Protein chains: 2
Amino acid sequence: MTSREESAETLRRAGHRVTSAKLLVMEALRHAGDHLSATSVIDQVRRDAPHVSESTVYRTLGALRDSRLISETTFGHGEVAYEWLEERSHHHLVCSQCGAVDELSDEVVAGFAKQLSDAHGFNADLQHLAVPGICARCSRDSEAAGE
Amino acid sequence: MTSREESAETLRRAGHRVTSAKLLVMEALRHAGDHLSATSVIDQVRRDAPHVSESTVYRTLGALRDSRLISETTFGHGEVAYEWLEERSHHHLVCSQCGAVDELSDEVVAGFAKQLSDAHGFNADLQHLAVPGICARCSRDSEAAGE
DNA sequence: CCAGCAAATGCAACAACTTGCAAGAGCGAG
DNA sequence: CTCGCTCTTGCAAGTTGTTGCATTTGCTGG
Ligand SMILES: [Mn+2]
Ligand SMILES: [Mn+2]
Ligand SMILES: [Zn+2]
Ligand SMILES: [Zn+2]
């Protein structure tokens, strides 16, 4: 089964109609295997299909996010980032000083969610968190520089 | 000391010049004692000073946020929300189903930050988190309705 | 009080989304 | 295969937020 056919099947299972615009958006994200801004998804899609309108891409990204096929995340700066969601869920530590974006496994975050469930009965939905702060390297550097 | 004078003093301590636009923005947020959208801050400010431009308010909100005098938060839907930061830090649990916004004390969140520090040396900066999910009431309701 | 510099502001253009509406296309029933 | 319902799309206009630049204004030092 080609990637395109897989995407079509995924769309059907999620209750969407299979359209070329949606397939193109999905392929762009799956192929990139990284965080992409809406604008770069638009550019990507338009290389193959120049007629697709911006609003269709924005709407498609929203729909895929609602169906939990992709994540939508606001890192500190710049545009909102979209990413194809693989099975294993992950999160990010974003350094406000040097801009580094490190990966964070789900364990600690799942622990946090469990705390919220135990303490407040709240069923947190943390699919792809971006935690802002200062990374280990930057902390070390500023300490060395006389704090 | 009036609230305005306190605000002026706070501005000076944060290294800003004391201008009427900044004071008006601060007073709007302090007086509201709640989350306000940028647009409603603009409306508020313009009731007193119609000449102040939108961009000045946006820039002021950004500056106050950088100086950690106010929080800037994206709840699931709608505009970005700004809030005057009181001493005691707090967070929110936002129900994606019924829209309820509950308060969350800093304890659980501080525990999460400590985990990140211990496990990754990352110094997380979580001033005013909005955690999305399903609230206790909605979970109970959908369970009762035959899951 | 005054001069001078840097910060702050207004304005207009721009960028990043969002929405209402009419036209087009996927898909299930027959 | 065709019909028709409903989901999707394109387009244009509207929001929300950002930025470059010329001008104004707060503040510091004399
Ligand atoms: Mn990611
Ligand atoms: Mn709050
Ligand atoms: Zn760093
Ligand atoms: Zn709820």
# chains A, B, ... in the order shown; residues from 1 in each chain; ligands from 1
call {"tool": "closest_atom_pairs", "arguments": {"of": "chain B", "to": "ligand 4", "cutoff": "9 Å", "atoms": "only C-alpha atoms and all ligand atoms", "output": "JSON lines"}}
result
{"residue": "B:Val94", "atom": "CA", "partner": "ligand 4", "partner_atom_place_in_ligand_line": "1 (Zn)", "distance": 7.9}
{"residue": "B:Cys95", "atom": "CA", "partner": "ligand 4", "partner_atom_place_in_ligand_line": "1 (Zn)", "distance": 4.6}
{"residue": "B:Ser96", "atom": "CA", "partner": "ligand 4", "partner_atom_place_in_ligand_line": "1 (Zn)", "distance": 6.7}
{"residue": "B:Gln97", "atom": "CA", "partner": "ligand 4", "partner_atom_place_in_ligand_line": "1 (Zn)", "distance": 5.0}
{"residue": "B:Cys98", "atom": "CA", "partner": "ligand 4", "partner_atom_place_in_ligand_line": "1 (Zn)", "distance": 4.0}
{"residue": "B:Gly99", "atom": "CA", "partner": "ligand 4", "partner_atom_place_in_ligand_line": "1 (Zn)", "distance": 6.0}
{"residue": "B:Ala100", "atom": "CA", "partner": "ligand 4", "partner_atom_place_in_ligand_line": "1 (Zn)", "distance": 5.6}
{"residue": "B:Val101", "atom": "CA", "partner": "ligand 4", "partner_atom_place_in_ligand_line": "1 (Zn)", "distance": 8.7}
{"residue": "B:Gly133", "atom": "CA", "partner": "ligand 4", "partner_atom_place_in_ligand_line": "1 (Zn)", "distance": 8.3}
{"residue": "B:Ile134", "atom": "CA", "partner": "ligand 4", "partner_atom_place_in_ligand_line": "1 (Zn)", "distance": 5.4}
{"residue": "B:Cys135", "atom": "CA", "partner": "ligand 4", "partner_atom_place_in_ligand_line": "1 (Zn)", "distance": 4.3}
{"residue": "B:Ala136", "atom": "CA", "partner": "ligand 4", "partner_atom_place_in_ligand_line": "1 (Zn)", "distance": 6.8}
{"residue": "B:Arg137", "atom": "CA", "partner": "ligand 4", "partner_atom_place_in_ligand_line": "1 (Zn)", "distance": 5.8}
{"residue": "B:Cys138", "atom": "CA", "partner": "ligand 4", "partner_atom_place_in_ligand_line": "1 (Zn)", "distance": 4.3}
{"residue": "B:Ser139", "atom": "CA", "partner": "ligand 4", "partner_atom_place_in_ligand_line": "1 (Zn)", "distance": 7.4}
call {"tool": "calpha_fit_and_write", "arguments": {"fixed": "chain A", "moving": "chain B", "output": "PDB file with C-alpha atoms, in the first residue's frame"}}
result
ATOM      1  CA  MET B   1       0.016  -0.007   0.018  1.00  0.00           C
ATOM      2  CA  THR B   2       1.464   3.368  -0.940  1.00  0.00           C
ATOM      3  CA  SER B   3       1.696   6.205   1.533  1.00  0.00           C
ATOM      4  CA  ARG B   4      -1.098   7.948  -0.353  1.00  0.00           C
ATOM      5  CA  GLU B   5      -3.372   4.942  -0.049  1.00  0.00           C
ATOM      6  CA  GLU B   6      -2.616   4.680   3.654  1.00  0.00           C
ATOM      7  CA  SER B   7      -3.516   8.337   4.045  1.00  0.00           C
ATOM      8  CA  ALA B   8      -6.773   7.817   2.161  1.00  0.00           C
ATOM      9  CA  GLU B   9      -7.638   4.896   4.394  1.00  0.00           C
ATOM     10  CA  THR B  10      -6.799   6.940   7.502  1.00  0.00           C
ATOM     11  CA  LEU B  11      -9.054   9.740   6.269  1.00  0.00           C
ATOM     12  CA  ARG B  12     -11.965   7.388   5.702  1.00  0.00           C
ATOM     13  CA  ARG B  13     -11.558   5.830   9.127  1.00  0.00           C
ATOM     14  CA  ALA B  14     -11.667   9.328  10.651  1.00  0.00           C
ATOM     15  CA  GLY B  15     -14.913  10.043   8.827  1.00  0.00           C
ATOM     16  CA  HIS B  16     -13.551  12.456   6.240  1.00  0.00           C
ATOM     17  CA  ARG B  17     -14.099  12.409   2.536  1.00  0.00           C
ATOM     18  CA  VAL B  18     -10.982  11.615   0.545  1.00  0.00           C
ATOM     19  CA  THR B  19      -9.994  14.750  -1.343  1.00  0.00           C
ATOM     20  CA  SER B  20      -6.766  15.662  -3.043  1.00  0.00           C
ATOM     21  CA  ALA B  21      -6.300  18.723  -0.847  1.00  0.00           C
ATOM     22  CA  LYS B  22      -6.452  16.625   2.325  1.00  0.00           C
ATOM     23  CA  LEU B  23      -4.150  14.003   0.857  1.00  0.00           C
ATOM     24  CA  LEU B  24      -1.620  16.645  -0.170  1.00  0.00           C
ATOM     25  CA  VAL B  25      -1.604  18.197   3.299  1.00  0.00           C
ATOM     26  CA  MET B  26      -1.187  14.796   4.922  1.00  0.00           C
ATOM     27  CA  GLU B  27       1.597  13.762   2.584  1.00  0.00           C
ATOM     28  CA  ALA B  28       3.417  17.047   3.194  1.00  0.00           C
ATOM     29  CA  LEU B  29       3.378  16.470   6.950  1.00  0.00           C
ATOM     30  CA  ARG B  30       4.123  12.769   6.819  1.00  0.00           C
ATOM     31  CA  HIS B  31       6.982  13.246   4.425  1.00  0.00           C
ATOM     32  CA  ALA B  32       8.492  16.187   6.359  1.00  0.00           C
ATOM     33  CA  GLY B  33       8.585  14.141   9.571  1.00  0.00           C
ATOM     34  CA  ASP B  34       9.083  17.388  11.451  1.00  0.00           C
ATOM     35  CA  HIS B  35       7.250  20.476  12.665  1.00  0.00           C
ATOM     36  CA  LEU B  36       5.912  22.555   9.764  1.00  0.00           C
ATOM     37  CA  SER B  37       4.253  25.954   9.784  1.00  0.00           C
ATOM     38  CA  ALA B  38       0.919  26.377   8.032  1.00  0.00           C
ATOM     39  CA  THR B  39       2.614  28.631   5.474  1.00  0.00           C
ATOM     40  CA  SER B  40       5.167  26.019   4.536  1.00  0.00           C
ATOM     41  CA  VAL B  41       2.437  23.392   4.238  1.00  0.00           C
ATOM     42  CA  ILE B  42       0.651  25.795   1.877  1.00  0.00           C
ATOM     43  CA  ASP B  43       3.823  26.239  -0.196  1.00  0.00           C
ATOM     44  CA  GLN B  44       4.408  22.493  -0.281  1.00  0.00           C
ATOM     45  CA  VAL B  45       0.838  21.720  -1.318  1.00  0.00           C
ATOM     46  CA  ARG B  46       0.875  24.392  -4.003  1.00  0.00           C
ATOM     47  CA  ARG B  47       3.957  22.990  -5.658  1.00  0.00           C
ATOM     48  CA  ASP B  48       1.744  20.061  -6.667  1.00  0.00           C
ATOM     49  CA  ALA B  49      -1.611  21.822  -6.850  1.00  0.00           C
ATOM     50  CA  PRO B  50      -1.366  25.600  -7.273  1.00  0.00           C
ATOM     51  CA  HIS B  51      -5.141  26.049  -7.253  1.00  0.00           C
ATOM     52  CA  VAL B  52      -5.644  24.933  -3.635  1.00  0.00           C
ATOM     53  CA  SER B  53      -6.609  27.939  -1.540  1.00  0.00           C
ATOM     54  CA  GLU B  54      -4.977  28.967   1.725  1.00  0.00           C
ATOM     55  CA  SER B  55      -8.218  28.647   3.609  1.00  0.00           C
ATOM     56  CA  THR B  56      -8.612  25.051   2.517  1.00  0.00           C
ATOM     57  CA  VAL B  57      -5.203  24.225   3.957  1.00  0.00           C
ATOM     58  CA  TYR B  58      -6.005  26.026   7.208  1.00  0.00           C
ATOM     59  CA  ARG B  59      -9.351  24.235   7.427  1.00  0.00           C
ATOM     60  CA  THR B  60      -7.724  20.906   6.640  1.00  0.00           C
ATOM     61  CA  LEU B  61      -5.075  21.394   9.318  1.00  0.00           C
ATOM     62  CA  GLY B  62      -7.845  22.168  11.796  1.00  0.00           C
ATOM     63  CA  ALA B  63      -9.808  19.092  10.776  1.00  0.00           C
ATOM     64  CA  LEU B  64      -6.788  16.775  11.004  1.00  0.00           C
ATOM     65  CA  ARG B  65      -5.991  18.242  14.414  1.00  0.00           C
ATOM     66  CA  ASP B  66      -9.565  17.655  15.610  1.00  0.00           C
ATOM     67  CA  SER B  67      -9.291  14.070  14.395  1.00  0.00           C
ATOM     68  CA  ARG B  68      -6.030  13.764  16.339  1.00  0.00           C
ATOM     69  CA  LEU B  69      -4.016  12.855  13.277  1.00  0.00           C
ATOM     70  CA  ILE B  70      -1.671  15.804  13.665  1.00  0.00           C
ATOM     71  CA  SER B  71      -0.557  18.031  16.533  1.00  0.00           C
ATOM     72  CA  GLU B  72      -0.873  21.805  16.574  1.00  0.00           C
ATOM     73  CA  THR B  73       1.591  23.551  18.842  1.00  0.00           C
ATOM     74  CA  THR B  74       2.615  27.066  19.711  1.00  0.00           C
ATOM     75  CA  PHE B  75       6.324  27.252  20.448  1.00  0.00           C
ATOM     76  CA  GLY B  76       7.344  30.498  22.103  1.00  0.00           C
ATOM     77  CA  HIS B  77       8.117  32.371  18.912  1.00  0.00           C
ATOM     78  CA  GLY B  78       7.022  32.188  15.317  1.00  0.00           C
ATOM     79  CA  GLU B  79       4.048  30.539  13.718  1.00  0.00           C
ATOM     80  CA  VAL B  80       1.964  27.653  14.966  1.00  0.00           C
ATOM     81  CA  ALA B  81       3.627  24.314  14.185  1.00  0.00           C
ATOM     82  CA  TYR B  82       1.953  21.191  12.824  1.00  0.00           C
ATOM     83  CA  GLU B  83       3.359  17.689  12.974  1.00  0.00           C
ATOM     84  CA  TRP B  84       2.213  14.263  11.869  1.00  0.00           C
ATOM     85  CA  LEU B  85       1.519  12.217  14.987  1.00  0.00           C
ATOM     86  CA  GLU B  86       3.324   8.908  15.162  1.00  0.00           C
ATOM     87  CA  GLU B  87       2.256   6.173  17.588  1.00  0.00           C
ATOM     88  CA  ARG B  88       4.747   7.092  20.306  1.00  0.00           C
ATOM     89  CA  SER B  89       3.701  10.404  21.787  1.00  0.00           C
ATOM     90  CA  HIS B  90       6.351  13.006  22.576  1.00  0.00           C
ATOM     91  CA  HIS B  91       6.710  16.552  23.877  1.00  0.00           C
ATOM     92  CA  HIS B  92       9.269  19.345  23.782  1.00  0.00           C
ATOM     93  CA  LEU B  93      11.431  21.467  26.064  1.00  0.00           C
ATOM     94  CA  VAL B  94      11.907  24.873  24.483  1.00  0.00           C
ATOM     95  CA  CYS B  95      14.717  27.116  25.694  1.00  0.00           C
ATOM     96  CA  SER B  96      13.639  30.756  25.775  1.00  0.00           C
ATOM     97  CA  GLN B  97      17.271  31.837  25.732  1.00  0.00           C
ATOM     98  CA  CYS B  98      19.024  29.863  22.995  1.00  0.00           C
ATOM     99  CA  GLY B  99      15.894  28.635  21.215  1.00  0.00           C
ATOM    100  CA  ALA B 100      16.859  24.952  21.468  1.00  0.00           C
ATOM    101  CA  VAL B 101      13.940  22.557  21.055  1.00  0.00           C
ATOM    102  CA  ASP B 102      14.645  19.254  22.809  1.00  0.00           C
ATOM    103  CA  GLU B 103      12.475  16.194  22.887  1.00  0.00           C
ATOM    104  CA  LEU B 104      10.784  15.006  26.042  1.00  0.00           C
ATOM    105  CA  SER B 105       9.415  11.513  26.384  1.00  0.00           C
ATOM    106  CA  ASP B 106       5.837  11.078  27.511  1.00  0.00           C
ATOM    107  CA  GLU B 107       6.672   9.602  30.932  1.00  0.00           C
ATOM    108  CA  VAL B 108       7.050  12.754  33.004  1.00  0.00           C
ATOM    109  CA  VAL B 109       4.099  14.365  31.245  1.00  0.00           C
ATOM    110  CA  ALA B 110       1.932  11.296  31.804  1.00  0.00           C
ATOM    111  CA  GLY B 111       2.842  11.496  35.498  1.00  0.00           C
ATOM    112  CA  PHE B 112       1.678  15.099  35.571  1.00  0.00           C
ATOM    113  CA  ALA B 113      -1.598  14.126  33.897  1.00  0.00           C
ATOM    114  CA  LYS B 114      -2.110  11.406  36.490  1.00  0.00           C
ATOM    115  CA  GLN B 115      -1.633  13.950  39.283  1.00  0.00           C
ATOM    116  CA  LEU B 116      -4.326  16.128  37.746  1.00  0.00           C
ATOM    117  CA  SER B 117      -6.632  13.166  37.455  1.00  0.00           C
ATOM    118  CA  ASP B 118      -6.053  12.079  41.062  1.00  0.00           C
ATOM    119  CA  ALA B 119      -6.254  15.533  42.591  1.00  0.00           C
ATOM    120  CA  HIS B 120      -9.005  17.089  40.494  1.00  0.00           C
ATOM    121  CA  GLY B 121     -10.702  14.351  38.501  1.00  0.00           C
ATOM    122  CA  PHE B 122      -9.562  16.253  35.431  1.00  0.00           C
ATOM    123  CA  ASN B 123      -8.765  14.159  32.396  1.00  0.00           C
ATOM    124  CA  ALA B 124      -5.908  16.178  30.863  1.00  0.00           C
ATOM    125  CA  ASP B 125      -5.307  15.903  27.154  1.00  0.00           C
ATOM    126  CA  LEU B 126      -1.613  16.584  26.608  1.00  0.00           C
ATOM    127  CA  GLN B 127      -0.707  15.347  23.166  1.00  0.00           C
ATOM    128  CA  HIS B 128       2.267  17.457  22.228  1.00  0.00           C
ATOM    129  CA  LEU B 129       3.333  19.908  24.881  1.00  0.00           C
ATOM    130  CA  ALA B 130       5.898  22.693  24.400  1.00  0.00           C
ATOM    131  CA  VAL B 131       7.326  23.536  27.819  1.00  0.00           C
ATOM    132  CA  PRO B 132       9.135  26.889  27.899  1.00  0.00           C
ATOM    133  CA  GLY B 133      12.120  27.475  30.164  1.00  0.00           C
ATOM    134  CA  ILE B 134      15.910  27.571  30.292  1.00  0.00           C
ATOM    135  CA  CYS B 135      17.834  24.553  29.059  1.00  0.00           C
ATOM    136  CA  ALA B 136      20.581  22.854  31.046  1.00  0.00           C
ATOM    137  CA  ARG B 137      23.346  24.281  28.883  1.00  0.00           C
ATOM    138  CA  CYS B 138      22.121  27.877  29.209  1.00  0.00           C
ATOM    139  CA  SER B 139      21.702  27.500  32.985  1.00  0.00           C
ATOM    140  CA  ARG B 140      25.270  26.201  33.249  1.00  0.00           C
ATOM    141  CA  ASP B 141      26.617  28.998  31.046  1.00  0.00           C
ATOM    142  CA  SER B 142      24.989  31.838  32.966  1.00  0.00           C
ATOM    143  CA  GLU B 143      26.147  30.281  36.245  1.00  0.00           C
ATOM    144  CA  ALA B 144      29.712  30.102  34.973  1.00  0.00           C
ATOM    145  CA  ALA B 145      29.520  33.743  33.835  1.00  0.00           C
ATOM    146  CA  GLY B 146      29.158  34.855  37.453  1.00  0.00           C
ATOM    147  CA  GLU B 147      25.449  34.054  37.768  1.00  0.00           C
TER     148      GLU B 147
END
call {"tool": "interface_residues", "arguments": {"of": "chain C", "to": "chain A", "cutoff": "10 Å", "atoms": "only C-alpha atoms (C1' of nucleotides)", "output": "PyMOL selection string"}}
result
chain C and resi 16-19+25-27
call {"tool": "interface_residues", "arguments": {"of": "chain D", "to": "chain A", "cutoff": "12 Å", "atoms": "only C-alpha atoms (C1' of nucleotides)", "output": "list in words"}}
result
DT6, DC7, DT8, DT9, DG10, DC11, DA12, DG17 and DT18 of chain D
call {"tool": "select_by_dssp", "arguments": {"residues": "stretch 17-79 of chain A", "states": "strand (DSSP E)", "output": "number ranges by chain"}}
result
A: 36-37, 70-73
call {"tool": "write_last_selection", "arguments": {"atoms": "all heavy atoms", "output": "mmCIF file, in the first residue's frame"}}
result
data_model
loop_
_atom_site.group_PDB
_atom_site.id
_atom_site.type_symbol
_atom_site.label_atom_id
_atom_site.label_comp_id
_atom_site.auth_asym_id
_atom_site.auth_seq_id
_atom_site.Cartn_x
_atom_site.Cartn_y
_atom_site.Cartn_z
ATOM 1 N N LEU A 36 6.046 21.666 10.924
ATOM 2 C CA LEU A 36 5.915 22.578 9.787
ATOM 3 C C LEU A 36 4.931 23.683 10.137
ATOM 4 O O LEU A 36 3.937 23.440 10.805
ATOM 5 C CB LEU A 36 5.377 21.831 8.563
ATOM 6 C CG LEU A 36 6.273 20.824 7.840
ATOM 7 C CD1 LEU A 36 5.563 20.324 6.587
ATOM 8 C CD2 LEU A 36 7.605 21.458 7.463
ATOM 9 N N SER A 37 5.211 24.881 9.646
ATOM 10 C CA SER A 37 4.240 25.968 9.809
ATOM 11 C C SER A 37 3.149 25.815 8.765
ATOM 12 O O SER A 37 3.349 25.157 7.735
ATOM 13 C CB SER A 37 4.931 27.312 9.632
ATOM 14 O OG SER A 37 5.338 27.456 8.286
ATOM 15 N N ILE A 70 -2.835 14.932 13.583
ATOM 16 C CA ILE A 70 -1.658 15.796 13.667
ATOM 17 C C ILE A 70 -1.728 16.622 14.943
ATOM 18 O O ILE A 70 -2.795 16.782 15.535
ATOM 19 C CB ILE A 70 -1.557 16.760 12.461
ATOM 20 C CG1 ILE A 70 -2.714 17.763 12.473
ATOM 21 C CG2 ILE A 70 -1.557 15.990 11.140
ATOM 22 C CD1 ILE A 70 -2.643 18.792 11.364
ATOM 23 N N SER A 71 -0.570 17.123 15.377
ATOM 24 C CA SER A 71 -0.544 18.006 16.538
ATOM 25 C C SER A 71 -0.429 19.440 16.059
ATOM 26 O O SER A 71 0.075 19.708 14.964
ATOM 27 C CB SER A 71 0.648 17.677 17.433
ATOM 28 O OG SER A 71 1.854 17.894 16.730
ATOM 29 N N GLU A 72 -0.932 20.340 16.877
ATOM 30 C CA GLU A 72 -0.866 21.781 16.603
ATOM 31 C C GLU A 72 -0.276 22.406 17.848
ATOM 32 O O GLU A 72 -0.837 22.265 18.933
ATOM 33 C CB GLU A 72 -2.291 22.303 16.367
ATOM 34 C CG GLU A 72 -2.357 23.784 16.101
ATOM 35 C CD GLU A 72 -3.796 24.270 16.035
ATOM 36 O OE1 GLU A 72 -4.426 24.432 17.112
ATOM 37 O OE2 GLU A 72 -4.313 24.461 14.931
ATOM 38 N N THR A 73 0.850 23.084 17.700
ATOM 39 C CA THR A 73 1.593 23.531 18.873
ATOM 40 C C THR A 73 2.132 24.939 18.697
ATOM 41 O O THR A 73 2.612 25.292 17.636
ATOM 42 C CB THR A 73 2.786 22.596 19.135
ATOM 43 O OG1 THR A 73 2.336 21.256 19.091
ATOM 44 C CG2 THR A 73 3.405 22.887 20.484
#
call {"tool": "select_by_dssp", "arguments": {"residues": "stretch 78-132 of chain A", "states": "alpha helix (DSSP H)", "output": "PDB file with N, CA, C and O atoms, in the first residue's frame"}}
result
ATOM      1  N   ASP A 106       7.149  10.840  26.915  1.00  0.00           N
ATOM      2  CA  ASP A 106       5.825  11.070  27.494  1.00  0.00           C
ATOM      3  C   ASP A 106       5.753  10.775  28.992  1.00  0.00           C
ATOM      4  O   ASP A 106       4.802  11.173  29.656  1.00  0.00           O
ATOM      5  N   GLU A 107       6.776  10.086  29.539  1.00  0.00           N
ATOM      6  CA  GLU A 107       6.653   9.595  30.920  1.00  0.00           C
ATOM      7  C   GLU A 107       6.352  10.674  31.945  1.00  0.00           C
ATOM      8  O   GLU A 107       5.377  10.586  32.694  1.00  0.00           O
ATOM      9  N   VAL A 108       7.214  11.695  31.985  1.00  0.00           N
ATOM     10  CA  VAL A 108       7.027  12.751  32.982  1.00  0.00           C
ATOM     11  C   VAL A 108       5.686  13.451  32.775  1.00  0.00           C
ATOM     12  O   VAL A 108       4.973  13.751  33.734  1.00  0.00           O
ATOM     13  N   VAL A 109       5.343  13.680  31.525  1.00  0.00           N
ATOM     14  CA  VAL A 109       4.090  14.367  31.226  1.00  0.00           C
ATOM     15  C   VAL A 109       2.893  13.511  31.632  1.00  0.00           C
ATOM     16  O   VAL A 109       1.919  14.021  32.188  1.00  0.00           O
ATOM     17  N   ALA A 110       2.995  12.199  31.372  1.00  0.00           N
ATOM     18  CA  ALA A 110       1.911  11.298  31.774  1.00  0.00           C
ATOM     19  C   ALA A 110       1.747  11.322  33.296  1.00  0.00           C
ATOM     20  O   ALA A 110       0.628  11.277  33.815  1.00  0.00           O
ATOM     21  N   GLY A 111       2.870  11.430  34.014  1.00  0.00           N
ATOM     22  CA  GLY A 111       2.817  11.515  35.470  1.00  0.00           C
ATOM     23  C   GLY A 111       2.070  12.760  35.908  1.00  0.00           C
ATOM     24  O   GLY A 111       1.232  12.721  36.820  1.00  0.00           O
ATOM     25  N   PHE A 112       2.340  13.855  35.245  1.00  0.00           N
ATOM     26  CA  PHE A 112       1.664  15.125  35.534  1.00  0.00           C
ATOM     27  C   PHE A 112       0.162  14.977  35.295  1.00  0.00           C
ATOM     28  O   PHE A 112      -0.658  15.376  36.137  1.00  0.00           O
ATOM     29  N   ALA A 113      -0.192  14.350  34.178  1.00  0.00           N
ATOM     30  CA  ALA A 113      -1.609  14.152  33.867  1.00  0.00           C
ATOM     31  C   ALA A 113      -2.282  13.302  34.944  1.00  0.00           C
ATOM     32  O   ALA A 113      -3.421  13.575  35.343  1.00  0.00           O
ATOM     33  N   LYS A 114      -1.565  12.289  35.433  1.00  0.00           N
ATOM     34  CA  LYS A 114      -2.145  11.428  36.464  1.00  0.00           C
ATOM     35  C   LYS A 114      -2.399  12.228  37.744  1.00  0.00           C
ATOM     36  O   LYS A 114      -3.431  12.063  38.393  1.00  0.00           O
ATOM     37  N   GLN A 115      -1.473  13.100  38.101  1.00  0.00           N
ATOM     38  CA  GLN A 115      -1.661  13.979  39.263  1.00  0.00           C
ATOM     39  C   GLN A 115      -2.939  14.800  39.125  1.00  0.00           C
ATOM     40  O   GLN A 115      -3.701  14.947  40.082  1.00  0.00           O
ATOM     41  N   LEU A 116      -3.146  15.323  37.935  1.00  0.00           N
ATOM     42  CA  LEU A 116      -4.332  16.160  37.713  1.00  0.00           C
ATOM     43  C   LEU A 116      -5.595  15.320  37.831  1.00  0.00           C
ATOM     44  O   LEU A 116      -6.619  15.771  38.356  1.00  0.00           O
ATOM     45  N   SER A 117      -5.514  14.105  37.340  1.00  0.00           N
ATOM     46  CA  SER A 117      -6.661  13.207  37.433  1.00  0.00           C
ATOM     47  C   SER A 117      -6.955  12.862  38.895  1.00  0.00           C
ATOM     48  O   SER A 117      -8.090  12.949  39.367  1.00  0.00           O
ATOM     49  N   ASP A 118      -5.906  12.492  39.640  1.00  0.00           N
ATOM     50  CA  ASP A 118      -6.074  12.119  41.047  1.00  0.00           C
ATOM     51  C   ASP A 118      -6.570  13.296  41.883  1.00  0.00           C
ATOM     52  O   ASP A 118      -7.492  13.165  42.676  1.00  0.00           O
ATOM     53  N   ALA A 119      -5.965  14.442  41.694  1.00  0.00           N
ATOM     54  CA  ALA A 119      -6.265  15.576  42.569  1.00  0.00           C
ATOM     55  C   ALA A 119      -7.547  16.306  42.193  1.00  0.00           C
ATOM     56  O   ALA A 119      -8.229  16.857  43.045  1.00  0.00           O
ATOM     57  N   HIS A 120      -7.886  16.326  40.895  1.00  0.00           N
ATOM     58  CA  HIS A 120      -9.024  17.150  40.470  1.00  0.00           C
ATOM     59  C   HIS A 120     -10.035  16.412  39.601  1.00  0.00           C
ATOM     60  O   HIS A 120     -10.991  17.024  39.125  1.00  0.00           O
TER      61      HIS A 120
END
call {"tool": "atom_distance", "arguments": {"atom1": "atom C1' of C:DA8", "atom2": "atom C1' of D:DG20"}}
result
14.5 Å
call {"tool": "residues_around", "arguments": {"residues": "D:DT19", "least_positions_apart": "2", "cutoff": "10 Å", "atoms": "only C-alpha atoms (C1' of nucleotides)", "output": "MDAnalysis selection string"}}
result
(chainID B and resid 55) or (chainID C and resid 13:15) or (chainID D and resid 21)
call {"tool": "write_last_selection", "arguments": {"atoms": "C-alpha atoms (C1' of nucleotides)", "output": "CSV table (one decimal), in the first residue's frame"}}
result
chain,number,residue,atom,x,y,z
B,55,SER,CA,-0.2,48.7,18.0
C,13,DA,C1',1.4,48.3,5.4
C,14,DC,C1',1.8,43.6,6.2
C,15,DA,C1',1.3,38.7,7.9
D,21,DC,C1',9.8,54.2,9.9
call {"tool": "residues_around", "arguments": {"residues": "D:DT2", "least_positions_apart": "5", "cutoff": "12 Å", "atoms": "only C-alpha atoms (C1' of nucleotides)", "output": "ChimeraX atom specification"}}
result
/C:28-30
